[in-house]
Each structure stands twice: as C-alpha cells, then as structure tokens.
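Read the structure below first, then the notes.
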Amino acid sequence: YWGTELKEKVLAREGCLVVRPDSGDPATTALKVLEILGDKLGKAKNAKGYYELDPHVRVIWGDGIDYASLCEILAHLKAHAWSADNLAFGSGGGLLQKLNRDTQKCAFKCSAAVVDGQLRDVFKDPVTDKGKVSKKGRLALVKDGPSFTTLTQLAEPHPQDCLVEVFRDGHLLLDYTFADIRDRAALPPLDTLPLVEPSASSNPSPPLPPKDAARSQLEVRCCLFSPAASRA
C-alpha cells in the first residue's frame, strides 16, 4: 500500500516513513525491500554513485542484528550500489551473548480482536520464516497430563483455561507484588537438582564453616542460571 494507494500521502507528508522488514535472510531481504521501495517511491544516485531512496522513506532493520550480520548487509548493499544512508539498525541481545526471546521461541503477540462485535483471528505468518508463524484466534492453555497444551481459534472461553487475565483495555486487573514474583521464580531445593557429584577418585574438600557453606550454596544457585552456564 505504501507505494500505491498511500504513495501520494507518503511523498507529501512532512516527515519520513520508516519501513521495518522482519524475518528472512537479512542481506537479501534488505536489498529486496530497498529495490521495491525505490521502484514504488523513487530513488536517485548520490555523489558517490550509490542509490538513495526518496527522503520521505527509509528502512530500519532490527531482526538478528549483530556485528557480523550488520557487516554482511552493508557489503551486500554496496555490491548492488545501494547507499548505507537508506538504513538504520537496531540490536539488543546480539550485542551480548545473543540469548533472547528467540532462544526459547517466546513472544507476546495479539492473537484475536473484536471488530464491530465480531471475533477476528490476528496472526503473523512470515513468507521467509515459517518458524515464526504465531498462534491465531482465542487461545486457552489447558493441562494435558503432566504438561500443557495450547488450544487455538476457540469460539468461547475454555472452562479449564489456566491463563489468567491481567490487563484489559489499559486497566490492571491483577497487581502482583515483588514477593509474589520471587515466590513464583524460587529455585527448588539444591538436593533435587541434577548437580554433578565428585568422582570417587577425587580428593574430597573439607567441610565448610556454616557462613562459607551458605555462600557456596548461593554461588551454586547463581551459576546454574548464569548466561555462561546456559551457553554450556
């Protein structure tokens, strides 16, 4: 729509439309987006011979960005005569250990909306990454033996739904305290965790004084959930 029905509005407005592509190979997708926008909204070569989009439109890329992928994108654009001035980049976990929501395939997304009294499915289905297809419709999380199952596209609320409504129309329905969250996130007793036991041939360490023992237990708890431990 940006380059057809809304083209005149985009080019006439005082400001810049920033297009954010998502998913797919960053280098090839970024180039394709620039080519489409250039064909639809206009482009021109700058003094160095590289294409720049009409100043009313630019692109931001924030999916999978780290130092290496950023360099690959810019090199690919340069090889096809596109200026780096067309893009801005955003990076979060890629600046650190790259442990983010994609590590566990976790995201918060709208799945349903009521429009004029009718329930509509809302979902994401990227052409270039089917692994990011989101669940659609009214959802319910129900017990399935020892685990849970998500039910989708329900016409009515499920009586055994384990999900709890927290927000509605900007209003907070449940106000959890910090103590509530700490209790929910509490670690199980250390003797129930699969810690590595010392081998029989190793020299056992002498027993620790009570204060040092408590500190050692705390250090073990921290190590179990540190970024370095999760990478290992």
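Labels used: A, B, ... for chains in the order of the structure tokens, numbers from 1 for residues in each chain, and numbers from 1 for ligands as shown.
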Which polymer residues have any atom within 9 Å of an atom of range 154-171 of chain A, counting only C-alpha atoms, with same-chain residues fewer than 3 positions away left out, as a VMD selection string? chain A and resid 119 137 to 143 151 174 to 175
Would you output that residue set with N, CA and C atoms, as a tab-separated table (two decimals), in the first residue's frame?
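The result, stored in selection24.tsv:
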```tsv
chain	number	residue	atom	x	y	z
A	119	LEU	N	-15.48	-11.58	16.39
A	119	LEU	CA	-14.15	-12.03	16.78
A	119	LEU	C	-13.33	-12.34	15.53
A	137	GLY	N	-6.39	-16.59	16.88
A	137	GLY	CA	-7.70	-16.73	17.49
A	137	GLY	C	-7.65	-16.68	19.01
A	138	ARG	N	-8.80	-16.95	19.63
A	138	ARG	CA	-8.90	-17.01	21.09
A	138	ARG	C	-8.12	-18.25	21.55
A	139	LEU	N	-7.25	-18.08	22.52
A	139	LEU	CA	-6.38	-19.16	22.98
A	139	LEU	C	-6.78	-19.63	24.38
A	140	ALA	N	-6.37	-20.86	24.69
A	140	ALA	CA	-6.52	-21.40	26.04
A	140	ALA	C	-5.35	-22.33	26.32
A	141	LEU	N	-4.84	-22.26	27.53
A	141	LEU	CA	-3.76	-23.15	27.97
A	141	LEU	C	-4.36	-24.15	28.94
A	142	VAL	N	-4.36	-25.42	28.55
A	142	VAL	CA	-5.01	-26.45	29.37
A	142	VAL	C	-4.03	-27.55	29.74
A	143	LYS	N	-4.28	-28.16	30.87
A	143	LYS	CA	-3.44	-29.27	31.32
A	143	LYS	C	-3.64	-30.47	30.41
A	151	LEU	N	-4.71	-24.46	23.07
A	151	LEU	CA	-5.81	-24.60	22.13
A	151	LEU	C	-6.01	-23.28	21.41
A	174	LEU	N	-4.91	-7.57	37.88
A	174	LEU	CA	-4.19	-8.27	38.95
A	174	LEU	C	-2.88	-7.55	39.20
A	175	ASP	N	-2.64	-7.18	40.44
A	175	ASP	CA	-1.43	-6.44	40.79
A	175	ASP	C	-0.53	-7.34	41.65
```
Strand (DSSP E or B) call set, DSSP backbone run, range 8-188 of chain A, as an mmCIF file with all heavy atoms, in the first residue's frame:
```cif
data_model
loop_
_atom_site.group_PDB
_atom_site.id
_atom_site.type_symbol
_atom_site.label_atom_id
_atom_site.label_comp_id
_atom_site.auth_asym_id
_atom_site.auth_seq_id
_atom_site.Cartn_x
_atom_site.Cartn_y
_atom_site.Cartn_z
ATOM 1 N N LEU A 17 8.685 8.170 6.420
ATOM 2 C CA LEU A 17 8.112 6.848 6.673
ATOM 3 C C LEU A 17 9.258 5.855 6.837
ATOM 4 O O LEU A 17 10.107 5.727 5.952
ATOM 5 C CB LEU A 17 7.228 6.417 5.503
ATOM 6 C CG LEU A 17 6.812 4.949 5.486
ATOM 7 C CD1 LEU A 17 5.852 4.647 6.631
ATOM 8 C CD2 LEU A 17 6.184 4.578 4.143
ATOM 9 N N VAL A 18 9.301 5.164 7.971
ATOM 10 C CA VAL A 18 10.346 4.178 8.234
ATOM 11 C C VAL A 18 9.731 2.783 8.137
ATOM 12 O O VAL A 18 8.834 2.436 8.905
ATOM 13 C CB VAL A 18 10.993 4.385 9.616
ATOM 14 C CG1 VAL A 18 12.092 3.340 9.845
ATOM 15 C CG2 VAL A 18 11.574 5.792 9.718
ATOM 16 N N VAL A 19 10.203 1.993 7.197
ATOM 17 C CA VAL A 19 9.688 0.654 6.946
ATOM 18 C C VAL A 19 10.568 -0.354 7.675
ATOM 19 O O VAL A 19 11.799 -0.305 7.573
ATOM 20 C CB VAL A 19 9.665 0.351 5.431
ATOM 21 C CG1 VAL A 19 9.178 -1.078 5.181
ATOM 22 C CG2 VAL A 19 8.786 1.360 4.707
ATOM 23 N N LYS A 43 13.988 6.769 -6.351
ATOM 24 C CA LYS A 43 15.360 6.676 -5.885
ATOM 25 C C LYS A 43 16.231 7.543 -6.786
ATOM 26 O O LYS A 43 15.836 7.918 -7.892
ATOM 27 C CB LYS A 43 15.844 5.220 -5.931
ATOM 28 C CG LYS A 43 15.868 4.625 -7.336
ATOM 29 C CD LYS A 43 16.251 3.164 -7.331
ATOM 30 C CE LYS A 43 16.212 2.595 -8.762
ATOM 31 N NZ LYS A 43 16.543 1.165 -8.819
ATOM 32 N N ALA A 44 17.420 7.883 -6.305
ATOM 33 C CA ALA A 44 18.359 8.679 -7.097
ATOM 34 C C ALA A 44 19.768 8.348 -6.641
ATOM 35 O O ALA A 44 19.984 7.951 -5.484
ATOM 36 C CB ALA A 44 18.079 10.164 -6.931
ATOM 37 N N LYS A 45 20.744 8.498 -7.540
ATOM 38 C CA LYS A 45 22.132 8.231 -7.190
ATOM 39 C C LYS A 45 22.741 9.448 -6.507
ATOM 40 O O LYS A 45 22.514 10.594 -6.906
ATOM 41 C CB LYS A 45 22.939 7.870 -8.432
ATOM 42 C CG LYS A 45 22.683 6.457 -8.931
ATOM 43 C CD LYS A 45 23.701 6.032 -9.976
ATOM 44 C CE LYS A 45 23.521 4.572 -10.360
ATOM 45 N NZ LYS A 45 24.547 4.111 -11.333
ATOM 46 N N TYR A 51 22.643 4.399 -4.823
ATOM 47 C CA TYR A 51 21.234 4.772 -4.799
ATOM 48 C C TYR A 51 20.792 5.169 -3.389
ATOM 49 O O TYR A 51 21.159 4.535 -2.396
ATOM 50 C CB TYR A 51 20.354 3.620 -5.278
ATOM 51 C CG TYR A 51 20.417 3.376 -6.759
ATOM 52 C CD1 TYR A 51 20.997 2.217 -7.273
ATOM 53 C CD2 TYR A 51 19.882 4.303 -7.662
ATOM 54 C CE1 TYR A 51 21.054 1.988 -8.641
ATOM 55 C CE2 TYR A 51 19.939 4.089 -9.027
ATOM 56 C CZ TYR A 51 20.527 2.933 -9.510
ATOM 57 O OH TYR A 51 20.582 2.713 -10.869
ATOM 58 N N GLU A 52 19.975 6.217 -3.331
ATOM 59 C CA GLU A 52 19.302 6.607 -2.106
ATOM 60 C C GLU A 52 17.815 6.723 -2.381
ATOM 61 O O GLU A 52 17.408 7.219 -3.433
ATOM 62 C CB GLU A 52 19.831 7.952 -1.592
ATOM 63 C CG GLU A 52 21.249 7.885 -1.058
ATOM 64 C CD GLU A 52 21.686 9.208 -0.440
ATOM 65 O OE1 GLU A 52 20.809 10.079 -0.237
ATOM 66 O OE2 GLU A 52 22.881 9.365 -0.167
ATOM 67 N N LEU A 53 17.014 6.253 -1.429
ATOM 68 C CA LEU A 53 15.567 6.365 -1.561
ATOM 69 C C LEU A 53 15.139 7.830 -1.484
ATOM 70 O O LEU A 53 15.890 8.690 -1.002
ATOM 71 C CB LEU A 53 14.869 5.582 -0.451
ATOM 72 C CG LEU A 53 15.025 4.056 -0.466
ATOM 73 C CD1 LEU A 53 14.457 3.476 0.819
ATOM 74 C CD2 LEU A 53 14.338 3.452 -1.680
ATOM 75 N N VAL A 57 11.243 8.313 2.761
ATOM 76 C CA VAL A 57 11.160 6.909 3.168
ATOM 77 C C VAL A 57 12.551 6.356 3.464
ATOM 78 O O VAL A 57 13.522 6.657 2.767
ATOM 79 C CB VAL A 57 10.458 6.047 2.078
ATOM 80 C CG1 VAL A 57 11.225 6.093 0.770
ATOM 81 C CG2 VAL A 57 10.270 4.615 2.552
ATOM 82 N N ARG A 58 12.635 5.589 4.534
ATOM 83 C CA ARG A 58 13.859 4.903 4.916
ATOM 84 C C ARG A 58 13.495 3.526 5.477
ATOM 85 O O ARG A 58 12.327 3.183 5.633
ATOM 86 C CB ARG A 58 14.652 5.708 5.956
ATOM 87 C CG ARG A 58 15.359 6.944 5.382
ATOM 88 C CD ARG A 58 16.462 6.530 4.413
ATOM 89 N NE ARG A 58 17.219 7.674 3.915
ATOM 90 C CZ ARG A 58 16.950 8.316 2.779
ATOM 91 N NH1 ARG A 58 15.886 7.971 2.059
ATOM 92 N NH2 ARG A 58 17.702 9.312 2.379
ATOM 93 N N VAL A 59 14.521 2.744 5.811
ATOM 94 C CA VAL A 59 14.318 1.373 6.294
ATOM 95 C C VAL A 59 15.068 1.201 7.612
ATOM 96 O O VAL A 59 16.169 1.724 7.782
ATOM 97 C CB VAL A 59 14.836 0.342 5.259
ATOM 98 C CG1 VAL A 59 14.758 -1.075 5.826
ATOM 99 C CG2 VAL A 59 14.053 0.456 3.960
ATOM 100 N N ILE A 60 14.454 0.469 8.540
ATOM 101 C CA ILE A 60 15.154 0.072 9.759
ATOM 102 C C ILE A 60 15.158 -1.444 9.840
ATOM 103 O O ILE A 60 14.155 -2.102 9.548
ATOM 104 C CB ILE A 60 14.507 0.684 11.025
ATOM 105 C CG1 ILE A 60 15.346 0.326 12.259
ATOM 106 C CG2 ILE A 60 13.065 0.235 11.191
ATOM 107 C CD1 ILE A 60 14.927 1.069 13.510
ATOM 108 N N TRP A 61 16.311 -2.038 10.191
ATOM 109 C CA TRP A 61 16.418 -3.495 10.316
ATOM 110 C C TRP A 61 16.833 -3.830 11.745
ATOM 111 O O TRP A 61 17.875 -3.388 12.213
ATOM 112 C CB TRP A 61 17.436 -4.056 9.315
ATOM 113 C CG TRP A 61 17.325 -5.554 9.260
ATOM 114 C CD1 TRP A 61 17.851 -6.443 10.146
ATOM 115 C CD2 TRP A 61 16.584 -6.322 8.308
ATOM 116 N NE1 TRP A 61 17.484 -7.726 9.817
ATOM 117 C CE2 TRP A 61 16.708 -7.678 8.692
ATOM 118 C CE3 TRP A 61 15.837 -6.014 7.192
ATOM 119 C CZ2 TRP A 61 16.111 -8.710 7.975
ATOM 120 C CZ3 TRP A 61 15.240 -7.037 6.495
ATOM 121 C CH2 TRP A 61 15.392 -8.370 6.875
ATOM 122 N N TRP A 82 23.737 0.322 -3.447
ATOM 123 C CA TRP A 82 22.800 0.995 -2.563
ATOM 124 C C TRP A 82 23.566 1.614 -1.403
ATOM 125 O O TRP A 82 24.443 0.990 -0.807
ATOM 126 C CB TRP A 82 21.755 0.023 -2.023
ATOM 127 C CG TRP A 82 20.647 -0.243 -2.999
ATOM 128 C CD1 TRP A 82 20.587 -1.249 -3.913
ATOM 129 C CD2 TRP A 82 19.461 0.538 -3.175
ATOM 130 N NE1 TRP A 82 19.429 -1.159 -4.643
ATOM 131 C CE2 TRP A 82 18.716 -0.066 -4.220
ATOM 132 C CE3 TRP A 82 18.948 1.673 -2.566
ATOM 133 C CZ2 TRP A 82 17.490 0.436 -4.646
ATOM 134 C CZ3 TRP A 82 17.729 2.183 -2.984
ATOM 135 C CH2 TRP A 82 17.013 1.558 -4.025
ATOM 136 N N LEU A 87 19.452 2.918 5.533
ATOM 137 C CA LEU A 87 19.085 2.026 6.631
ATOM 138 C C LEU A 87 19.540 2.538 7.978
ATOM 139 O O LEU A 87 20.554 3.230 8.098
ATOM 140 C CB LEU A 87 19.695 0.632 6.437
ATOM 141 C CG LEU A 87 19.100 -0.285 5.385
ATOM 142 C CD1 LEU A 87 19.812 -0.107 4.074
ATOM 143 C CD2 LEU A 87 19.208 -1.730 5.836
ATOM 144 N N ALA A 88 18.773 2.174 8.994
ATOM 145 C CA ALA A 88 19.211 2.255 10.384
ATOM 146 C C ALA A 88 19.110 0.845 10.948
ATOM 147 O O ALA A 88 18.365 -0.001 10.429
ATOM 148 C CB ALA A 88 18.328 3.214 11.176
ATOM 149 N N PHE A 89 19.888 0.553 11.984
ATOM 150 C CA PHE A 89 19.915 -0.795 12.551
ATOM 151 C C PHE A 89 19.593 -0.756 14.040
ATOM 152 O O PHE A 89 19.932 0.202 14.741
ATOM 153 C CB PHE A 89 21.295 -1.431 12.351
ATOM 154 C CG PHE A 89 21.657 -1.664 10.923
ATOM 155 C CD1 PHE A 89 22.403 -0.725 10.214
ATOM 156 C CD2 PHE A 89 21.248 -2.816 10.273
ATOM 157 C CE1 PHE A 89 22.735 -0.933 8.892
ATOM 158 C CE2 PHE A 89 21.575 -3.033 8.950
ATOM 159 C CZ PHE A 89 22.317 -2.087 8.254
ATOM 160 N N ALA A 112 -6.163 -12.300 18.692
ATOM 161 C CA ALA A 112 -7.575 -12.122 18.341
ATOM 162 C C ALA A 112 -8.001 -10.704 18.650
ATOM 163 O O ALA A 112 -7.437 -10.042 19.532
ATOM 164 C CB ALA A 112 -8.455 -13.114 19.094
ATOM 165 N N ALA A 113 -8.992 -10.234 17.915
ATOM 166 C CA ALA A 113 -9.541 -8.898 18.141
ATOM 167 C C ALA A 113 -11.033 -8.924 17.844
ATOM 168 O O ALA A 113 -11.486 -9.668 16.969
ATOM 169 C CB ALA A 113 -8.846 -7.871 17.246
ATOM 170 N N VAL A 114 -11.785 -8.120 18.579
ATOM 171 C CA VAL A 114 -13.221 -7.997 18.347
ATOM 172 C C VAL A 114 -13.466 -6.697 17.588
ATOM 173 O O VAL A 114 -13.160 -5.609 18.082
ATOM 174 C CB VAL A 114 -14.013 -8.005 19.664
ATOM 175 C CG1 VAL A 114 -15.502 -7.809 19.391
ATOM 176 C CG2 VAL A 114 -13.784 -9.312 20.417
ATOM 177 N N VAL A 115 -13.975 -6.814 16.356
ATOM 178 C CA VAL A 115 -14.239 -5.662 15.496
ATOM 179 C C VAL A 115 -15.730 -5.651 15.159
ATOM 180 O O VAL A 115 -16.247 -6.613 14.581
ATOM 181 C CB VAL A 115 -13.398 -5.722 14.203
ATOM 182 C CG1 VAL A 115 -13.684 -4.508 13.320
ATOM 183 C CG2 VAL A 115 -11.913 -5.813 14.534
ATOM 184 N N GLN A 118 -17.536 -8.712 16.130
ATOM 185 C CA GLN A 118 -17.121 -9.989 15.540
ATOM 186 C C GLN A 118 -15.691 -10.328 15.959
ATOM 187 O O GLN A 118 -14.797 -9.479 15.892
ATOM 188 C CB GLN A 118 -17.203 -9.920 14.011
ATOM 189 C CG GLN A 118 -18.606 -9.677 13.467
ATOM 190 C CD GLN A 118 -19.541 -10.843 13.765
ATOM 191 O OE1 GLN A 118 -19.164 -12.008 13.659
ATOM 192 N NE2 GLN A 118 -20.773 -10.507 14.148
ATOM 193 N N LEU A 119 -15.484 -11.577 16.390
ATOM 194 C CA LEU A 119 -14.153 -12.030 16.778
ATOM 195 C C LEU A 119 -13.332 -12.337 15.532
ATOM 196 O O LEU A 119 -13.765 -13.101 14.664
ATOM 197 C CB LEU A 119 -14.256 -13.279 17.653
ATOM 198 C CG LEU A 119 -12.941 -13.818 18.227
ATOM 199 C CD1 LEU A 119 -12.343 -12.842 19.235
ATOM 200 C CD2 LEU A 119 -13.159 -15.182 18.889
ATOM 201 N N ARG A 120 -12.156 -11.735 15.416
ATOM 202 C CA ARG A 120 -11.287 -11.963 14.263
ATOM 203 C C ARG A 120 -9.945 -12.547 14.701
ATOM 204 O O ARG A 120 -9.410 -12.172 15.746
ATOM 205 C CB ARG A 120 -11.014 -10.650 13.516
ATOM 206 C CG ARG A 120 -12.231 -10.022 12.863
ATOM 207 C CD ARG A 120 -11.820 -8.806 12.046
ATOM 208 N NE ARG A 120 -12.962 -8.150 11.438
ATOM 209 C CZ ARG A 120 -12.865 -7.076 10.661
ATOM 210 N NH1 ARG A 120 -11.669 -6.547 10.416
ATOM 211 N NH2 ARG A 120 -13.951 -6.521 10.143
ATOM 212 N N ASP A 121 -9.424 -13.471 13.899
ATOM 213 C CA ASP A 121 -8.091 -14.015 14.155
ATOM 214 C C ASP A 121 -7.052 -12.971 13.784
ATOM 215 O O ASP A 121 -7.169 -12.273 12.777
ATOM 216 C CB ASP A 121 -7.844 -15.275 13.329
ATOM 217 C CG ASP A 121 -8.734 -16.436 13.741
ATOM 218 O OD1 ASP A 121 -9.332 -16.347 14.826
ATOM 219 O OD2 ASP A 121 -8.830 -17.421 12.983
ATOM 220 N N ARG A 138 -8.804 -16.948 19.627
ATOM 221 C CA ARG A 138 -8.897 -17.014 21.087
ATOM 222 C C ARG A 138 -8.122 -18.250 21.551
ATOM 223 O O ARG A 138 -8.330 -19.355 21.050
ATOM 224 C CB ARG A 138 -10.358 -17.108 21.526
ATOM 225 C CG ARG A 138 -10.550 -16.986 23.036
ATOM 226 C CD ARG A 138 -11.933 -17.457 23.438
ATOM 227 N NE ARG A 138 -12.965 -16.658 22.812
ATOM 228 C CZ ARG A 138 -13.488 -15.549 23.333
ATOM 229 N NH1 ARG A 138 -13.045 -15.111 24.489
ATOM 230 N NH2 ARG A 138 -14.445 -14.899 22.696
ATOM 231 N N LEU A 139 -7.248 -18.077 22.521
ATOM 232 C CA LEU A 139 -6.381 -19.163 22.979
ATOM 233 C C LEU A 139 -6.776 -19.631 24.378
ATOM 234 O O LEU A 139 -7.405 -18.901 25.140
ATOM 235 C CB LEU A 139 -4.915 -18.708 22.997
ATOM 236 C CG LEU A 139 -4.346 -18.075 21.726
ATOM 237 C CD1 LEU A 139 -2.897 -17.666 21.946
ATOM 238 C CD2 LEU A 139 -4.465 -19.026 20.546
ATOM 239 N N ALA A 140 -6.367 -20.863 24.687
ATOM 240 C CA ALA A 140 -6.518 -21.397 26.044
ATOM 241 C C ALA A 140 -5.348 -22.331 26.319
ATOM 242 O O ALA A 140 -4.907 -23.059 25.431
ATOM 243 C CB ALA A 140 -7.845 -22.149 26.196
ATOM 244 N N LEU A 141 -4.843 -22.262 27.533
ATOM 245 C CA LEU A 141 -3.764 -23.147 27.972
ATOM 246 C C LEU A 141 -4.364 -24.153 28.939
ATOM 247 O O LEU A 141 -4.845 -23.785 30.018
ATOM 248 C CB LEU A 141 -2.662 -22.343 28.645
ATOM 249 C CG LEU A 141 -1.422 -23.123 29.065
ATOM 250 C CD1 LEU A 141 -0.632 -23.566 27.838
ATOM 251 C CD2 LEU A 141 -0.538 -22.291 29.997
ATOM 252 N N VAL A 142 -4.359 -25.422 28.551
ATOM 253 C CA VAL A 142 -5.010 -26.445 29.373
ATOM 254 C C VAL A 142 -4.028 -27.546 29.740
ATOM 255 O O VAL A 142 -3.061 -27.809 29.010
ATOM 256 C CB VAL A 142 -6.229 -27.057 28.639
ATOM 257 C CG1 VAL A 142 -7.265 -25.986 28.356
ATOM 258 C CG2 VAL A 142 -5.802 -27.730 27.341
ATOM 259 N N LYS A 143 -4.284 -28.160 30.870
ATOM 260 C CA LYS A 143 -3.436 -29.270 31.318
ATOM 261 C C LYS A 143 -3.636 -30.472 30.409
ATOM 262 O O LYS A 143 -4.753 -30.818 30.033
ATOM 263 C CB LYS A 143 -3.795 -29.654 32.753
ATOM 264 C CG LYS A 143 -3.285 -28.680 33.788
ATOM 265 C CD LYS A 143 -1.777 -28.834 34.029
ATOM 266 C CE LYS A 143 -1.442 -30.121 34.749
ATOM 267 N NZ LYS A 143 0.015 -30.256 35.010
ATOM 268 N N ASP A 144 -2.514 -31.109 30.052
ATOM 269 C CA ASP A 144 -2.519 -32.313 29.228
ATOM 270 C C ASP A 144 -1.608 -33.328 29.893
ATOM 271 O O ASP A 144 -0.439 -33.461 29.536
ATOM 272 C CB ASP A 144 -2.050 -31.989 27.812
ATOM 273 C CG ASP A 144 -2.122 -33.197 26.880
ATOM 274 O OD1 ASP A 144 -2.775 -34.193 27.260
ATOM 275 O OD2 ASP A 144 -1.526 -33.145 25.792
ATOM 276 N N SER A 147 1.920 -32.122 31.323
ATOM 277 C CA SER A 147 2.327 -30.919 30.594
ATOM 278 C C SER A 147 1.106 -30.062 30.249
ATOM 279 O O SER A 147 0.007 -30.277 30.767
ATOM 280 C CB SER A 147 3.080 -31.320 29.317
ATOM 281 O OG SER A 147 2.255 -32.103 28.472
ATOM 282 N N PHE A 148 1.327 -29.102 29.373
ATOM 283 C CA PHE A 148 0.259 -28.191 28.967
ATOM 284 C C PHE A 148 0.105 -28.203 27.452
ATOM 285 O O PHE A 148 1.053 -28.495 26.722
ATOM 286 C CB PHE A 148 0.567 -26.757 29.417
ATOM 287 C CG PHE A 148 0.508 -26.556 30.893
ATOM 288 C CD1 PHE A 148 1.626 -26.781 31.676
ATOM 289 C CD2 PHE A 148 -0.663 -26.147 31.505
ATOM 290 C CE1 PHE A 148 1.585 -26.586 33.043
ATOM 291 C CE2 PHE A 148 -0.724 -25.953 32.873
ATOM 292 C CZ PHE A 148 0.404 -26.184 33.656
ATOM 293 N N THR A 149 -1.089 -27.879 26.970
ATOM 294 C CA THR A 149 -1.375 -27.766 25.540
ATOM 295 C C THR A 149 -2.106 -26.452 25.287
ATOM 296 O O THR A 149 -2.991 -26.078 26.058
ATOM 297 C CB THR A 149 -2.249 -28.936 25.049
ATOM 298 O OG1 THR A 149 -1.521 -30.153 25.186
ATOM 299 C CG2 THR A 149 -2.621 -28.751 23.573
ATOM 300 N N THR A 150 -1.724 -25.784 24.206
ATOM 301 C CA THR A 150 -2.401 -24.545 23.818
ATOM 302 C C THR A 150 -3.472 -24.857 22.783
ATOM 303 O O THR A 150 -3.193 -25.447 21.742
ATOM 304 C CB THR A 150 -1.399 -23.536 23.223
ATOM 305 O OG1 THR A 150 -0.403 -23.230 24.203
ATOM 306 C CG2 THR A 150 -2.123 -22.242 22.821
ATOM 307 N N LEU A 151 -4.705 -24.461 23.075
ATOM 308 C CA LEU A 151 -5.813 -24.603 22.133
ATOM 309 C C LEU A 151 -6.008 -23.276 21.409
ATOM 310 O O LEU A 151 -5.883 -22.204 22.013
ATOM 311 C CB LEU A 151 -7.094 -24.995 22.877
ATOM 312 C CG LEU A 151 -7.014 -26.244 23.754
ATOM 313 C CD1 LEU A 151 -8.359 -26.508 24.428
ATOM 314 C CD2 LEU A 151 -6.579 -27.457 22.929
ATOM 315 N N THR A 152 -6.303 -23.328 20.118
ATOM 316 C CA THR A 152 -6.408 -22.105 19.318
ATOM 317 C C THR A 152 -7.781 -21.985 18.658
ATOM 318 O O THR A 152 -8.527 -22.955 18.569
ATOM 319 C CB THR A 152 -5.330 -22.084 18.217
ATOM 320 O OG1 THR A 152 -5.550 -23.173 17.310
ATOM 321 C CG2 THR A 152 -3.936 -22.219 18.819
ATOM 322 N N GLN A 153 -8.084 -20.781 18.208
ATOM 323 C CA GLN A 153 -9.296 -20.469 17.450
ATOM 324 C C GLN A 153 -10.566 -20.967 18.150
ATOM 325 O O GLN A 153 -11.432 -21.595 17.540
ATOM 326 C CB GLN A 153 -9.198 -21.034 16.033
ATOM 327 C CG GLN A 153 -8.077 -20.403 15.206
ATOM 328 C CD GLN A 153 -7.981 -20.974 13.808
ATOM 329 O OE1 GLN A 153 -7.538 -22.109 13.624
ATOM 330 N NE2 GLN A 153 -8.400 -20.197 12.820
ATOM 331 N N LEU A 154 -10.667 -20.655 19.438
ATOM 332 C CA LEU A 154 -11.841 -21.045 20.208
ATOM 333 C C LEU A 154 -12.958 -20.019 20.034
ATOM 334 O O LEU A 154 -12.716 -18.816 20.013
ATOM 335 C CB LEU A 154 -11.484 -21.171 21.685
ATOM 336 C CG LEU A 154 -10.403 -22.197 22.041
ATOM 337 C CD1 LEU A 154 -10.079 -22.111 23.523
ATOM 338 C CD2 LEU A 154 -10.846 -23.596 21.667
ATOM 339 N N PHE A 167 -4.457 -7.768 32.192
ATOM 340 C CA PHE A 167 -4.781 -6.431 31.691
ATOM 341 C C PHE A 167 -6.049 -6.493 30.847
ATOM 342 O O PHE A 167 -6.310 -7.487 30.184
ATOM 343 C CB PHE A 167 -3.647 -5.889 30.810
ATOM 344 C CG PHE A 167 -2.338 -5.720 31.528
ATOM 345 C CD1 PHE A 167 -1.340 -6.673 31.423
ATOM 346 C CD2 PHE A 167 -2.097 -4.584 32.298
ATOM 347 C CE1 PHE A 167 -0.132 -6.514 32.075
ATOM 348 C CE2 PHE A 167 -0.890 -4.423 32.950
ATOM 349 C CZ PHE A 167 0.099 -5.386 32.845
ATOM 350 N N ARG A 168 -6.816 -5.413 30.870
ATOM 351 C CA ARG A 168 -7.949 -5.284 29.950
ATOM 352 C C ARG A 168 -8.201 -3.799 29.695
ATOM 353 O O ARG A 168 -8.433 -3.029 30.622
ATOM 354 C CB ARG A 168 -9.210 -5.923 30.506
ATOM 355 C CG ARG A 168 -10.415 -5.791 29.541
ATOM 356 C CD ARG A 168 -11.706 -6.243 30.176
ATOM 357 N NE ARG A 168 -11.705 -7.681 30.427
ATOM 358 C CZ ARG A 168 -12.726 -8.319 31.024
ATOM 359 N NH1 ARG A 168 -13.784 -7.654 31.422
ATOM 360 N NH2 ARG A 168 -12.655 -9.626 31.223
ATOM 361 N N HIS A 171 -6.412 -1.341 31.788
ATOM 362 C CA HIS A 171 -6.597 -1.413 33.236
ATOM 363 C C HIS A 171 -5.919 -2.670 33.799
ATOM 364 O O HIS A 171 -6.024 -3.758 33.219
ATOM 365 C CB HIS A 171 -8.079 -1.435 33.592
ATOM 366 C CG HIS A 171 -8.811 -0.191 33.170
ATOM 367 N ND1 HIS A 171 -8.649 1.017 33.805
ATOM 368 C CD2 HIS A 171 -9.689 0.024 32.150
ATOM 369 C CE1 HIS A 171 -9.395 1.930 33.215
ATOM 370 N NE2 HIS A 171 -10.035 1.360 32.205
ATOM 371 N N LEU A 172 -5.231 -2.509 34.911
ATOM 372 C CA LEU A 172 -4.564 -3.620 35.582
ATOM 373 C C LEU A 172 -5.570 -4.364 36.441
ATOM 374 O O LEU A 172 -6.155 -3.800 37.369
ATOM 375 C CB LEU A 172 -3.414 -3.095 36.445
ATOM 376 C CG LEU A 172 -2.548 -4.138 37.138
ATOM 377 C CD1 LEU A 172 -1.810 -4.977 36.103
ATOM 378 C CD2 LEU A 172 -1.549 -3.459 38.073
#
```
Can you list, as a PyMOL selection string, every protein, DNA or RNA residue that comes within 7 Å of range 63-73 of chain A when you count only C-alpha atoms, leaving out same-chain residues fewer than 6 positions away? chain A and resi 22-23+26-27+90-91+94-95
Same residues, C-alpha atoms, saved as a short mmCIF file (atom, residue, chain, number, x, y, z; two decimals), in the first residue's frame:
```
data_model
loop_
_atom_site.label_atom_id
_atom_site.label_comp_id
_atom_site.auth_asym_id
_atom_site.auth_seq_id
_atom_site.Cartn_x
_atom_site.Cartn_y
_atom_site.Cartn_z
CA ASP A 22 11.16 -8.75 9.56
CA SER A 23 12.43 -12.32 9.14
CA PRO A 26 18.87 -10.07 6.41
CA ALA A 27 21.14 -9.20 3.47
CA GLY A 90 18.65 -1.98 15.92
CA SER A 91 20.31 -4.64 18.06
CA GLY A 94 23.12 -9.52 19.60
CA LEU A 95 25.33 -7.04 21.44
#
```
Looking only at the backbone, which of the residues in range 7-217 of chain A does DSSP tag as helix (DSSP H, G or I), as a PyMOL selection string? chain A and resi 7-12+26-41+67-79+84-86+93-95+101-103+130-132+178-184+190-192+210-217
